[in-house]
file structure27.txt (compact mmCIF, C-alpha atoms)
# COMPACT_ATOMS: atom_id res chain seq x y z
CA MET A 1 0.00 0.00 0.00
CA LYS A 2 1.22 3.45 -0.91
CA LEU A 3 2.39 5.55 2.02
CA SER A 4 2.17 9.34 1.75
CA LYS A 5 3.25 11.90 4.31
CA LYS A 6 2.70 15.65 4.47
CA VAL A 7 5.85 17.59 5.29
CA VAL A 8 5.72 21.35 5.93
CA LEU A 9 8.67 23.73 5.62
CA ILE A 10 8.39 26.74 7.83
CA GLY A 11 10.61 29.76 8.55
CA HIS A 12 11.23 33.44 7.82
CA PHE A 13 11.25 35.05 4.36
CA GLY A 14 14.24 34.29 2.18
CA VAL A 15 15.82 31.60 4.35
CA GLY A 16 15.88 29.20 1.40
CA LYS A 17 12.87 26.92 1.97
CA SER A 18 11.92 26.81 -1.72
CA SER A 19 15.55 26.37 -2.74
CA LEU A 20 15.96 23.42 -0.38
CA ILE A 21 12.84 21.77 -1.82
CA ARG A 22 13.96 22.44 -5.38
CA ARG A 23 17.36 20.97 -4.60
CA PHE A 24 15.74 17.90 -3.00
CA VAL A 25 13.04 17.29 -5.64
CA GLU A 26 14.70 18.48 -8.86
CA ASN A 27 18.36 18.67 -7.83
CA THR A 28 18.62 22.22 -9.17
CA PHE A 29 19.52 25.60 -7.70
CA THR A 30 19.09 29.17 -8.89
CA GLU A 31 20.38 32.43 -7.44
CA ASP A 32 17.19 34.21 -8.58
CA TYR A 33 14.99 34.82 -5.57
CA LYS A 34 11.29 34.41 -6.18
CA VAL A 35 9.11 34.97 -3.17
CA THR A 36 6.61 32.19 -2.40
CA ILE A 37 3.07 33.47 -2.23
CA GLY A 38 0.63 31.31 -0.28
CA VAL A 39 1.85 27.80 -0.65
CA HIS A 40 3.63 25.68 -3.23
CA ILE A 41 3.32 21.92 -3.21
CA LEU A 42 5.77 19.39 -4.61
CA LYS A 43 6.28 15.71 -4.02
CA LYS A 44 9.04 13.14 -4.10
CA ASP A 45 8.96 9.37 -3.78
CA ILE A 46 11.82 8.10 -1.66
CA GLN A 47 12.93 4.82 -0.21
CA ILE A 48 14.08 4.64 3.40
CA PRO A 49 17.46 2.90 3.11
CA GLU A 50 17.34 0.98 6.39
CA THR A 51 13.83 -0.40 5.97
CA ASN A 52 13.44 -0.39 2.16
CA LYS A 53 10.03 1.20 2.68
CA ASP A 54 8.72 3.48 -0.07
CA VAL A 55 7.19 6.74 1.02
CA THR A 56 5.81 9.70 -0.92
CA LEU A 57 6.68 13.00 0.69
CA VAL A 58 4.10 15.66 -0.21
CA ILE A 59 6.05 18.79 0.64
CA TRP A 60 4.24 22.03 1.48
CA ASP A 61 6.44 25.06 0.94
CA LEU A 62 4.74 27.80 2.95
CA GLU A 63 5.35 31.48 2.28
CA GLY A 64 7.91 32.94 4.66
CA ASN A 65 6.69 34.63 7.77
CA ASP A 66 8.70 36.72 10.22
CA ASP A 67 6.15 35.97 12.92
CA ILE A 68 5.24 32.29 13.24
CA THR A 69 1.94 33.16 14.91
CA ASN A 70 0.81 34.64 11.59
CA THR A 71 1.20 31.33 9.76
CA ARG A 72 -2.15 30.22 8.35
CA PRO A 73 -3.21 27.37 10.70
CA SER A 74 -5.29 25.58 8.06
CA TYR A 75 -2.11 24.93 6.05
CA LEU A 76 -0.69 23.04 9.03
CA ILE A 77 -3.65 20.71 9.62
CA GLY A 78 -2.81 17.08 8.96
CA THR A 79 0.95 17.67 8.86
CA HIS A 80 3.08 14.62 9.61
CA GLY A 81 6.41 16.38 10.06
CA PHE A 82 7.98 19.85 10.05
CA ILE A 83 11.24 21.25 8.79
CA TYR A 84 12.06 24.58 10.44
CA VAL A 85 14.54 26.54 8.32
CA PHE A 86 16.62 29.55 9.32
CA ASP A 87 19.34 31.50 7.54
CA LEU A 88 22.78 31.22 9.14
CA THR A 89 23.76 34.61 7.73
CA ARG A 90 20.78 36.52 9.19
CA PRO A 91 20.48 36.53 13.01
CA ASN A 92 16.95 37.90 12.67
CA THR A 93 15.86 34.54 11.30
CA TYR A 94 17.05 32.59 14.36
CA LYS A 95 16.75 35.05 17.22
CA ASN A 96 13.24 33.69 18.02
CA LEU A 97 14.20 30.06 17.45
CA GLU A 98 13.16 28.92 20.93
CA PHE A 99 9.81 30.71 20.79
CA ASP A 100 9.06 29.42 17.27
CA LEU A 101 9.91 25.81 18.15
CA ASN A 102 7.82 25.96 21.32
CA TYR A 103 4.95 27.35 19.27
CA ILE A 104 5.11 24.33 16.94
CA LYS A 105 5.58 21.78 19.74
CA GLU A 106 2.68 23.16 21.79
CA ARG A 107 0.30 22.81 18.86
CA TYR A 108 1.69 19.62 17.35
CA PRO A 109 3.26 17.86 20.34
CA ASN A 110 3.92 14.47 18.80
CA LEU A 111 5.22 15.51 15.42
CA PRO A 112 8.89 15.35 14.43
CA VAL A 113 10.52 18.72 13.75
CA LYS A 114 13.88 19.03 12.01
CA VAL A 115 15.65 22.34 12.60
CA ILE A 116 18.15 23.35 9.96
CA GLY A 117 20.52 26.25 9.50
CA ASN A 118 20.65 26.91 5.77
CA LYS A 119 23.20 28.76 3.57
CA LYS A 120 26.11 26.91 5.16
CA ASP A 121 28.17 27.76 2.08
CA LEU A 122 28.14 31.44 3.15
CA VAL A 123 29.54 30.97 6.66
CA THR A 124 32.74 29.46 7.98
CA ASN A 125 33.15 26.59 10.44
CA GLU A 126 34.58 29.16 12.85
CA PHE A 127 31.28 31.06 12.72
CA ILE A 128 29.39 27.89 13.66
CA LYS A 129 31.82 27.24 16.52
CA GLU A 130 31.51 30.83 17.76
CA ASN A 131 27.72 30.53 17.85
CA LYS A 132 27.68 26.99 19.19
CA GLU A 133 25.86 28.07 22.33
CA ILE A 134 22.91 29.36 20.30
CA PHE A 135 22.76 26.55 17.78
CA LYS A 136 23.79 23.34 19.48
CA GLN A 137 20.61 22.72 21.48
CA TYR A 138 18.25 23.24 18.54
CA VAL A 139 19.93 22.61 15.21
CA ASP A 140 19.80 19.14 13.66
CA LEU A 141 21.75 19.88 10.50
CA TYR A 142 23.51 22.66 8.61
CA THR A 143 22.52 22.68 4.96
CA SER A 144 23.29 24.44 1.73
CA ALA A 145 20.68 24.41 -1.01
CA LYS A 146 23.36 25.86 -3.29
CA THR A 147 25.88 23.04 -2.90
CA GLY A 148 23.32 20.38 -1.91
CA LYS A 149 25.12 19.69 1.37
CA ASN A 150 22.92 17.69 3.80
CA VAL A 151 19.72 18.42 1.85
CA GLU A 152 18.88 14.75 1.07
CA GLU A 153 19.95 13.92 4.59
CA VAL A 154 17.35 16.22 6.21
CA PHE A 155 14.44 14.83 4.22
CA ASN A 156 15.61 11.24 4.64
CA GLN A 157 15.99 11.65 8.40
CA LEU A 158 12.51 13.15 8.64
CA ALA A 159 10.98 10.46 6.40
CA LYS A 160 12.60 7.78 8.55
CA SER A 161 10.96 9.22 11.65
CA LEU A 162 7.58 9.23 9.90
CA VAL A 163 7.32 5.56 8.90
CA MET B 164 75.39 86.14 -69.50
CA THR B 165 72.99 88.91 -68.77
CA GLN B 166 71.92 90.15 -65.43
CA ASP B 167 68.49 88.48 -65.90
CA ASP B 168 70.03 85.11 -66.71
CA LYS B 169 72.10 85.26 -63.56
CA LEU B 170 69.04 86.17 -61.55
CA GLN B 171 67.16 83.20 -63.01
CA ILE B 172 69.97 80.81 -62.11
CA LEU B 173 69.98 82.18 -58.58
CA LYS B 174 66.16 81.79 -58.35
CA ASP B 175 66.40 78.17 -59.56
CA ILE B 176 68.99 77.39 -56.92
CA LEU B 177 67.18 79.12 -54.07
CA LEU B 178 63.54 78.14 -54.84
CA LYS B 179 64.03 74.64 -56.24
CA ASP B 180 62.35 72.85 -53.22
CA GLU B 181 59.39 75.22 -53.08
CA HIS B 182 58.84 74.76 -56.80
CA GLU B 183 58.79 70.98 -56.50
CA TYR B 184 56.44 71.24 -53.54
CA ALA B 185 54.09 73.50 -55.52
CA LEU B 186 54.09 71.01 -58.38
CA SER B 187 53.23 68.11 -56.08
CA LEU B 188 50.41 70.13 -54.48
CA GLU B 189 49.05 70.91 -57.93
CA GLN B 190 49.06 67.18 -58.78
CA LYS B 191 47.29 66.29 -55.54
CA LEU B 192 44.63 68.91 -56.21
CA LYS B 193 44.08 67.47 -59.67
CA ASP B 194 43.74 63.94 -58.20
CA LEU B 195 41.27 65.19 -55.59
CA GLU B 196 39.26 66.98 -58.25
CA ALA B 197 39.17 63.73 -60.22
CA VAL B 198 37.75 61.90 -57.18
CA ILE B 199 35.24 64.57 -56.21
CA ASN B 200 33.98 65.43 -59.66
CA GLN B 201 33.57 61.85 -60.88
CA GLN B 202 30.77 59.97 -59.05
CA PRO B 203 32.11 56.40 -59.48
CA ASN B 204 35.41 57.40 -57.90
CA LEU B 205 33.68 59.30 -55.09
CA SER B 206 31.33 56.35 -54.39
CA LYS B 207 34.24 53.96 -54.16
CA LYS B 208 35.77 56.11 -51.40
CA ILE B 209 32.64 57.10 -49.43
CA ASN B 210 30.34 54.06 -49.69
CA PRO B 211 32.28 51.83 -47.24
CA ILE B 212 32.22 54.62 -44.63
CA ILE B 213 28.48 55.17 -45.02
CA ASP B 214 27.83 51.41 -44.92
CA ASP B 215 29.75 51.06 -41.65
CA LYS B 216 27.95 54.00 -40.08
CA LEU B 217 24.54 52.71 -41.21
CA LEU B 218 25.25 49.27 -39.80
CA GLU B 219 26.30 50.82 -36.51
CA PHE B 220 23.13 52.90 -36.46
CA VAL B 221 20.86 49.92 -37.16
CA GLU B 222 22.55 47.91 -34.42
CA GLU B 223 22.07 50.72 -31.94
CA ILE B 224 18.41 51.37 -32.78
CA PRO B 225 16.98 49.12 -30.01
CA GLU B 226 19.10 50.96 -27.42
CA THR B 227 18.89 54.49 -28.70
CA LEU B 228 15.43 54.66 -30.21
CA GLY B 229 13.74 51.59 -28.59
CA PRO B 230 12.54 53.30 -25.39
CA THR B 231 11.34 56.34 -27.34
CA ILE B 232 9.46 54.19 -29.85
CA THR B 233 7.89 52.10 -27.06
CA GLU B 234 6.83 55.18 -25.14
CA THR B 235 5.43 56.77 -28.29
CA LEU B 236 3.49 53.60 -29.15
CA LYS B 237 2.17 53.32 -25.60
CA ALA B 238 1.04 56.93 -25.61
CA GLU B 239 -0.47 56.54 -29.06
CA ILE B 240 -2.38 53.39 -28.08
CA LYS B 241 -3.61 55.06 -24.88
CA ASN B 242 -4.73 58.20 -26.69
CA SER B 243 -6.29 56.46 -29.65
CA GLN B 244 -7.88 53.33 -28.21
CA ASP B 245 -10.78 53.44 -30.61
CA ALA B 246 -8.44 53.55 -33.59
CA VAL B 247 -6.43 50.62 -32.25
CA VAL B 248 -9.57 48.56 -31.63
CA GLU B 249 -10.78 49.44 -35.10
CA ALA B 250 -7.47 48.26 -36.57
CA LEU B 251 -7.25 45.07 -34.52
CA TYR B 252 -10.91 44.09 -34.53
CA PRO B 253 -11.00 42.73 -38.09
CA ILE B 254 -7.85 40.65 -37.48
CA MET B 255 -9.08 39.28 -34.14
CA GLY B 256 -12.55 38.82 -35.59
CA LYS B 257 -11.14 36.77 -38.47
CA MET B 258 -9.14 34.59 -36.09
CA ILE B 259 -12.12 33.95 -33.83
CA LYS B 260 -14.37 33.34 -36.83
CA LYS B 261 -11.88 30.82 -38.22
CA TYR B 262 -11.68 29.00 -34.88
CA VAL B 263 -15.46 28.87 -34.47
CA GLN B 264 -15.86 27.67 -38.06
CA LYS B 265 -13.37 24.88 -37.47
CA GLU B 266 -15.08 23.80 -34.26
CA ILE B 267 -18.50 23.83 -35.94
CA GLN B 268 -17.08 21.81 -38.81
CA LEU B 269 -15.76 19.20 -36.37
CA LEU B 270 -19.07 19.12 -34.54
CA SER B 271 -20.96 18.84 -37.82
CA GLU B 272 -18.77 15.93 -38.89
CA ALA B 273 -19.34 14.20 -35.56
CA ILE B 274 -23.12 14.66 -35.93
CA ASN B 275 -23.02 13.43 -39.53
CA ASN B 276 -21.15 10.33 -38.50
CA LYS B 277 -23.71 9.58 -35.87
CA MET B 278 -26.66 10.25 -38.24
CA ASN B 279 -25.08 8.11 -40.96
CA ASN B 280 -25.04 5.09 -38.70
CA THR B 281 -28.76 4.83 -39.35
CA PHE B 282 -29.10 1.17 -38.63
CA SER B 283 -26.83 0.94 -35.64
CA PHE B 284 -28.21 0.02 -32.24
CA GLU B 285 -27.14 3.41 -30.89
CA SER B 286 -29.08 5.18 -33.61
CA LEU B 287 -32.23 3.17 -33.00
CA LYS B 288 -31.93 3.81 -29.28
CA ARG B 289 -31.51 7.53 -29.96
CA ARG B 290 -34.59 7.62 -32.20
CA PHE B 291 -36.60 5.88 -29.53
CA ARG B 292 -35.36 8.41 -26.96
CA ALA B 293 -36.26 11.27 -29.31
CA LYS B 294 -39.79 9.96 -29.86
CA ARG B 295 -40.34 9.24 -26.22
CA SER B 296 -39.03 12.60 -24.94
CA GLY B 297 -40.22 14.81 -27.77
CA VAL B 298 -36.69 16.21 -28.19
CA SER B 299 -35.30 16.17 -31.73
CA GLU B 300 -32.68 13.59 -32.61
CA GLY B 301 -30.23 16.40 -33.48
CA ASP B 302 -30.62 17.91 -30.02
CA ILE B 303 -30.01 14.52 -28.44
CA ILE B 304 -26.84 14.12 -30.49
CA LEU B 305 -25.68 17.57 -29.39
CA GLN B 306 -26.50 16.78 -25.79
CA ASP B 307 -24.55 13.53 -26.01
CA HIS B 308 -21.61 15.31 -27.58
CA PHE B 309 -21.20 17.65 -24.61
CA LYS B 310 -22.15 15.02 -22.07
CA PRO B 311 -20.35 15.44 -18.74
CA THR B 312 -17.79 12.73 -18.10
CA ILE B 313 -15.97 11.86 -14.90
CA GLU B 314 -12.27 11.91 -15.73
CA GLN B 315 -10.88 11.35 -12.27
CA ILE B 316 -12.16 10.88 -8.78
CA MET B 317 -10.02 11.21 -5.66
CA VAL B 318 -10.74 10.59 -2.01
CA ILE B 319 -8.59 13.09 -0.12
CA GLU B 320 -7.85 13.39 3.58
CA GLN B 321 -9.12 16.70 5.01
CA GLY B 322 -6.30 18.97 6.13
CA SER B 323 -3.29 16.96 5.03
CA GLY B 324 -4.43 16.70 1.41
CA ILE B 325 -3.06 13.17 1.20
CA VAL B 326 -4.82 11.05 -1.44
CA THR B 327 -6.44 8.09 0.29
CA SER B 328 -7.47 6.50 -2.98
CA GLU B 329 -8.40 7.42 -6.54
CA TYR B 330 -9.80 6.20 -9.81
CA SER B 331 -9.12 7.74 -13.20
CA LYS B 332 -9.88 6.79 -16.78
CA THR B 333 -6.59 8.26 -17.97
CA GLN B 334 -3.59 8.87 -15.71
CA ASN B 335 -2.72 12.36 -16.86
CA ILE B 336 -2.43 14.34 -13.66
CA ASP B 337 -0.15 14.08 -10.66
CA GLN B 338 -2.75 13.16 -8.08
CA ASP B 339 -0.62 13.94 -4.99
CA THR B 340 0.30 17.44 -6.12
CA VAL B 341 -3.21 18.22 -7.40
CA ALA B 342 -4.80 16.93 -4.20
CA GLY B 343 -2.36 19.04 -2.17
CA MET B 344 -3.15 22.15 -4.20
CA LEU B 345 -6.91 21.55 -3.97
CA THR B 346 -6.58 21.20 -0.20
CA ALA B 347 -4.49 24.37 0.02
CA ILE B 348 -7.03 26.30 -2.07
CA LYS B 349 -9.87 24.93 0.06
CA SER B 350 -8.04 25.84 3.27
CA PHE B 351 -7.28 29.33 1.98
CA ALA B 352 -10.86 29.97 0.83
CA GLU B 353 -12.34 28.65 4.05
CA ASP B 354 -9.87 30.73 6.14
CA ALA B 355 -10.47 33.84 4.06
CA PHE B 356 -14.23 33.66 4.50
CA GLN B 357 -13.72 32.78 8.18
CA ALA B 358 -16.59 30.32 8.03
CA GLU B 359 -15.73 27.04 9.68
CA THR B 360 -18.95 25.36 8.63
CA GLN B 361 -18.69 26.37 4.99
CA ASN B 362 -16.65 24.56 2.38
CA LEU B 363 -15.35 25.25 -1.08
CA GLU B 364 -17.45 23.10 -3.39
CA TYR B 365 -16.43 23.87 -6.94
CA ILE B 366 -13.38 24.90 -8.95
CA GLU B 367 -13.20 25.45 -12.70
CA TYR B 368 -9.89 24.84 -14.44
CA GLU B 369 -9.74 25.43 -18.21
CA ASN B 370 -11.98 22.71 -19.73
CA TYR B 371 -12.34 20.83 -16.47
CA HIS B 372 -14.83 21.25 -13.63
CA ILE B 373 -13.75 20.06 -10.20
CA HIS B 374 -16.57 19.20 -7.85
CA LEU B 375 -15.66 18.91 -4.18
CA GLN B 376 -17.92 16.91 -1.89
CA ASN B 377 -17.00 17.40 1.75
CA PHE B 378 -17.28 14.87 4.55
CA SER B 379 -15.96 15.06 8.09
CA ASN B 380 -12.52 13.42 7.73
CA TYR B 381 -12.13 13.45 3.99
CA TYR B 382 -13.48 15.02 0.85
CA ILE B 383 -14.03 13.66 -2.63
CA ALA B 384 -12.77 15.63 -5.64
CA VAL B 385 -14.35 14.76 -8.96
CA VAL B 386 -12.74 16.06 -12.17
CA ILE B 387 -15.34 16.40 -14.91
CA SER B 388 -15.06 17.26 -18.60
CA GLY B 389 -17.98 18.35 -20.80
CA ALA B 390 -20.98 20.41 -19.73
CA PHE B 391 -21.33 20.46 -15.95
CA THR B 392 -25.07 20.99 -15.72
CA ALA B 393 -27.19 21.44 -12.60
CA THR B 394 -28.89 18.09 -13.33
CA PHE B 395 -25.55 16.34 -13.53
CA ARG B 396 -24.37 18.04 -10.35
CA ASN B 397 -27.46 16.93 -8.43
CA LYS B 398 -27.07 13.35 -9.60
CA LEU B 399 -23.36 13.38 -8.81
CA GLU B 400 -23.99 14.72 -5.30
CA ASP B 401 -26.62 12.03 -4.68
CA LYS B 402 -24.28 9.36 -5.94
CA LEU B 403 -21.36 10.61 -3.82
CA LEU B 404 -23.52 10.80 -0.68
CA ASP B 405 -24.83 7.31 -1.35
CA PHE B 406 -21.24 6.12 -1.91
CA ALA B 407 -20.11 7.59 1.41
CA GLN B 408 -23.09 6.33 3.40
CA ASN B 409 -23.81 2.93 1.92
CA VAL B 410 -20.86 1.73 -0.13
CA ILE B 411 -17.77 2.42 1.92
CA ASN B 412 -17.02 2.03 5.60
CA LYS B 413 -14.24 3.19 7.94
CA THR B 414 -12.04 0.19 7.13
CA ASP B 415 -12.21 0.93 3.41
CA LEU B 416 -10.82 4.41 4.11
CA GLU B 417 -7.71 2.79 5.52
CA ASN B 418 -7.21 0.50 2.56
CA SER B 419 -6.54 2.36 -0.67
CA SER B 420 -6.83 -0.65 -2.99
CA ILE B 421 -10.27 -1.73 -1.71
CA LEU B 422 -11.41 1.89 -1.91
CA ALA B 423 -10.06 2.20 -5.47
CA THR B 424 -12.00 -0.93 -6.52
CA LYS B 425 -15.18 0.48 -5.04
CA LEU B 426 -14.61 3.86 -6.69
CA LYS B 427 -14.16 2.18 -10.06
CA ALA B 428 -17.27 0.06 -9.63
CA GLN B 429 -19.37 3.10 -8.74
CA PHE B 430 -18.02 5.73 -11.11
CA GLU B 431 -16.64 3.89 -14.12
CA HIS B 432 -19.91 4.15 -16.01
CA GLU B 433 -21.93 7.21 -16.94
CA ILE B 434 -24.14 8.48 -14.19
CA ILE B 435 -26.50 10.54 -16.36
call {"tool": "encode", "arguments": {"input": "structure27.txt", "output": "structure tokens"}}
result
Amino acid sequence: MKLSKKVVLIGHFGVGKSSLIRRFVENTFTEDYKVTIGVHILKKDIQIPETNKDVTLVIWDLEGNDDITNTRPSYLIGTHGFIYVFDLTRPNTYKNLEFDLNYIKERYPNLPVKVIGNKKDLVTNEFIKENKEIFKQYVDLYTSAKTGKNVEEVFNQLAKSLV
Amino acid sequence: MTQDDKLQILKDILLKDEHEYALSLEQKLKDLEAVINQQPNLSKKINPIIDDKLLEFVEEIPETLGPTITETLKAEIKNSQDAVVEALYPIMGKMIKKYVQKEIQLLSEAINNKMNNTFSFESLKRRFRAKRSGVSEGDIILQDHFKPTIEQIMVIEQGSGIVTSEYSKTQNIDQDTVAGMLTAIKSFAEDAFQAETQNLEYIEYENYHIHLQNFSNYYIAVVISGAFTATFRNKLEDKLLDFAQNVINKTDLENSSILATKLKAQFEHEII
């Protein structure tokens, strides 16, 4: 029987949610920034390596929002897993990380949430080390939609926790 | 040797260079006159220069004159809308007329084909229907031609937009993405109107009509081609309600293959 799961990407404007999805689904990247209006939906069939189970990820790319409380709740109904994306180069996009994650966990207590710092290609390892105190307790992975670093990994890890 | 002769010799010695220079200038002037006064010679010299300059000018037109031309055209169109419409109307009219003519021709051929099968079972059935209903055979053919047809039917989970099961005559759409988009549109519309008890029930997309029948945990999206009439809609709603109440149960909703079989059995054939 076919297994489908709804995955929602959430985060501020311009953190690279659409780019991450495009990299994961189409393996492409463009420097042109096109703002997502409303929601964009894509899907990808993947196989979980350890279990050989096939799963279809229906990925909801929500428009960016600087205030998570303004996210349209109806878009989140029926979600099976979240990916929270922030931009490593813009502190504004991770200064409310704790509040935003609590907001998600209070409303969807049993759902897996992957937290990722995107645009890793634009910061150095030293920068990550310097900000370790902020990142280490929340961040699951550092990704780069541009180079493709850890992108497959994020979705595979989430898919694994969903089946 | 006279005094004059001596003077001449002295002049020749002193002014020899100037004399030669004057002679060469005279020759150059004559050459120039030959070029200027004779058109073929002049053309040979000037044409390549003009050609280069013209080429340069033509290449630069989009940059130098483009914005001015565009602005002028825009202003002209804005100021003389009636004239533009008058100019375009015959062209557009012809195109539309040609398209309509072609469509009518195709329709006419389809009707002819049906009428020509005089002794077929379908034809006899149609004649019987015409006599019984009092509607002309031609009208029945037309009605049949635009008959609504269910192209695809999907049972979709409310909220998540995940397709529980589906049946389609032709697999030409990506059901997961379409179901997701339908759910997003539904969610947006229902949020926007801030009416929790109201649901989006119908979407039109190019030649397709998408009927949405809402239930508590799921909704059914039916993609229809042809004329989506009120009669068809009523029958479809009745059939969908009957399907939800009497044909499927909670277990079926958890088993996509059983649900797909039931969908096919119920909606494979025409319902009107």
call {"tool": "interface_residues", "arguments": {"input": "structure27.txt", "of": "chain A", "to": "chain B", "cutoff": "12 Å", "atoms": "all atoms listed in the file", "output": "ChimeraX atom specification"}}
result
/A:1-8,37-45,56-62,71-81
call {"tool": "atom_distance", "arguments": {"input": "structure27.txt", "atom1": "atom CA of B:Ala384", "atom2": "atom CA of B:Val318"}}
result
6.5 Å
call {"tool": "atom_distance", "arguments": {"input": "structure27.txt", "atom1": "atom CA of B:Glu367", "atom2": "atom CA of B:Glu431"}}
result
21.9 Å
call {"tool": "atom_distance", "arguments": {"input": "structure27.txt", "atom1": "atom CA of B:Leu426", "atom2": "atom CA of B:Ile383"}}
result
10.6 Å
call {"tool": "residues_near_point", "arguments": {"input": "structure27.txt", "point": "(10.9, 10.8, 5.4)", "cutoff": "8 Å", "atoms": "all atoms listed in the file", "output": "PDB file with C-alpha atoms, in the coordinates of the input"}}
result
ATOM      1  CA  LYS A   5       3.250  11.900   4.310  1.00  0.00           C
ATOM      2  CA  ILE A  46      11.820   8.100  -1.660  1.00  0.00           C
ATOM      3  CA  ILE A  48      14.080   4.640   3.400  1.00  0.00           C
ATOM      4  CA  VAL A  55       7.190   6.740   1.020  1.00  0.00           C
ATOM      5  CA  LEU A  57       6.680  13.000   0.690  1.00  0.00           C
ATOM      6  CA  PHE A 155      14.440  14.830   4.220  1.00  0.00           C
ATOM      7  CA  ASN A 156      15.610  11.240   4.640  1.00  0.00           C
ATOM      8  CA  GLN A 157      15.990  11.650   8.400  1.00  0.00           C
ATOM      9  CA  LEU A 158      12.510  13.150   8.640  1.00  0.00           C
ATOM     10  CA  ALA A 159      10.980  10.460   6.400  1.00  0.00           C
ATOM     11  CA  LYS A 160      12.600   7.780   8.550  1.00  0.00           C
ATOM     12  CA  SER A 161      10.960   9.220  11.650  1.00  0.00           C
ATOM     13  CA  LEU A 162       7.580   9.230   9.900  1.00  0.00           C
ATOM     14  CA  VAL A 163       7.320   5.560   8.900  1.00  0.00           C
TER      15      VAL A 163
END
call {"tool": "closest_residue", "arguments": {"input": "structure27.txt", "among": "A:Asn102, A:Thr51, A:Asn27, A:Asn70", "to": "A:Glu152", "atoms": "all atoms listed in the file"}}
result
A:Asn27
call {"tool": "closest_residue", "arguments": {"input": "structure27.txt", "among": "B:His374, B:Lys332, B:Arg290, B:Lys277", "to": "B:Phe430", "atoms": "all atoms listed in the file"}}
result
B:Lys332
call {"tool": "residues_around", "arguments": {"input": "structure27.txt", "residues": "A:Glu31", "least_positions_apart": "6", "cutoff": "12 Å", "atoms": "only C-alpha atoms", "output": "PyMOL selection string"}}
result
chain A and resi 14+16+18-19+119+145-147
call {"tool": "closest_residue", "arguments": {"input": "structure27.txt", "among": "B:Leu218, B:Ala428, B:Ile366, B:Ile240", "to": "B:Phe391", "atoms": "all atoms listed in the file"}}
result
B:Ile366
call {"tool": "residues_around", "arguments": {"input": "structure27.txt", "residues": "A:Leu88", "least_positions_apart": "4", "cutoff": "7 Å", "atoms": "all atoms listed in the file", "output": "NGL selection string"}}
result
:A and (117-120)
call {"tool": "closest_residue", "arguments": {"input": "structure27.txt", "among": "A:Ser144, A:Thr30, A:Asn110, A:Gln47", "to": "A:Phe86", "atoms": "only C-alpha atoms"}}
result
A:Ser144
call {"tool": "residues_around", "arguments": {"input": "structure27.txt", "residues": "stretch 121-131 of chain A", "least_positions_apart": "2", "cutoff": "12 Å", "atoms": "all atoms listed in the file", "output": "ChimeraX atom specification"}}
result
/A:87-91,94-95,117-119,133-139,141-150
call {"tool": "axis_aligned_box", "arguments": {"input": "structure27.txt", "around": "stretch 40-51 of chain A", "padding_each_side": "3 Å", "output": "JSON"}}
result
{"center_x": 10.4, "center_y": 12.6, "center_z": 0.9, "size_x": 20.1, "size_y": 32.1, "size_z": 17.0}
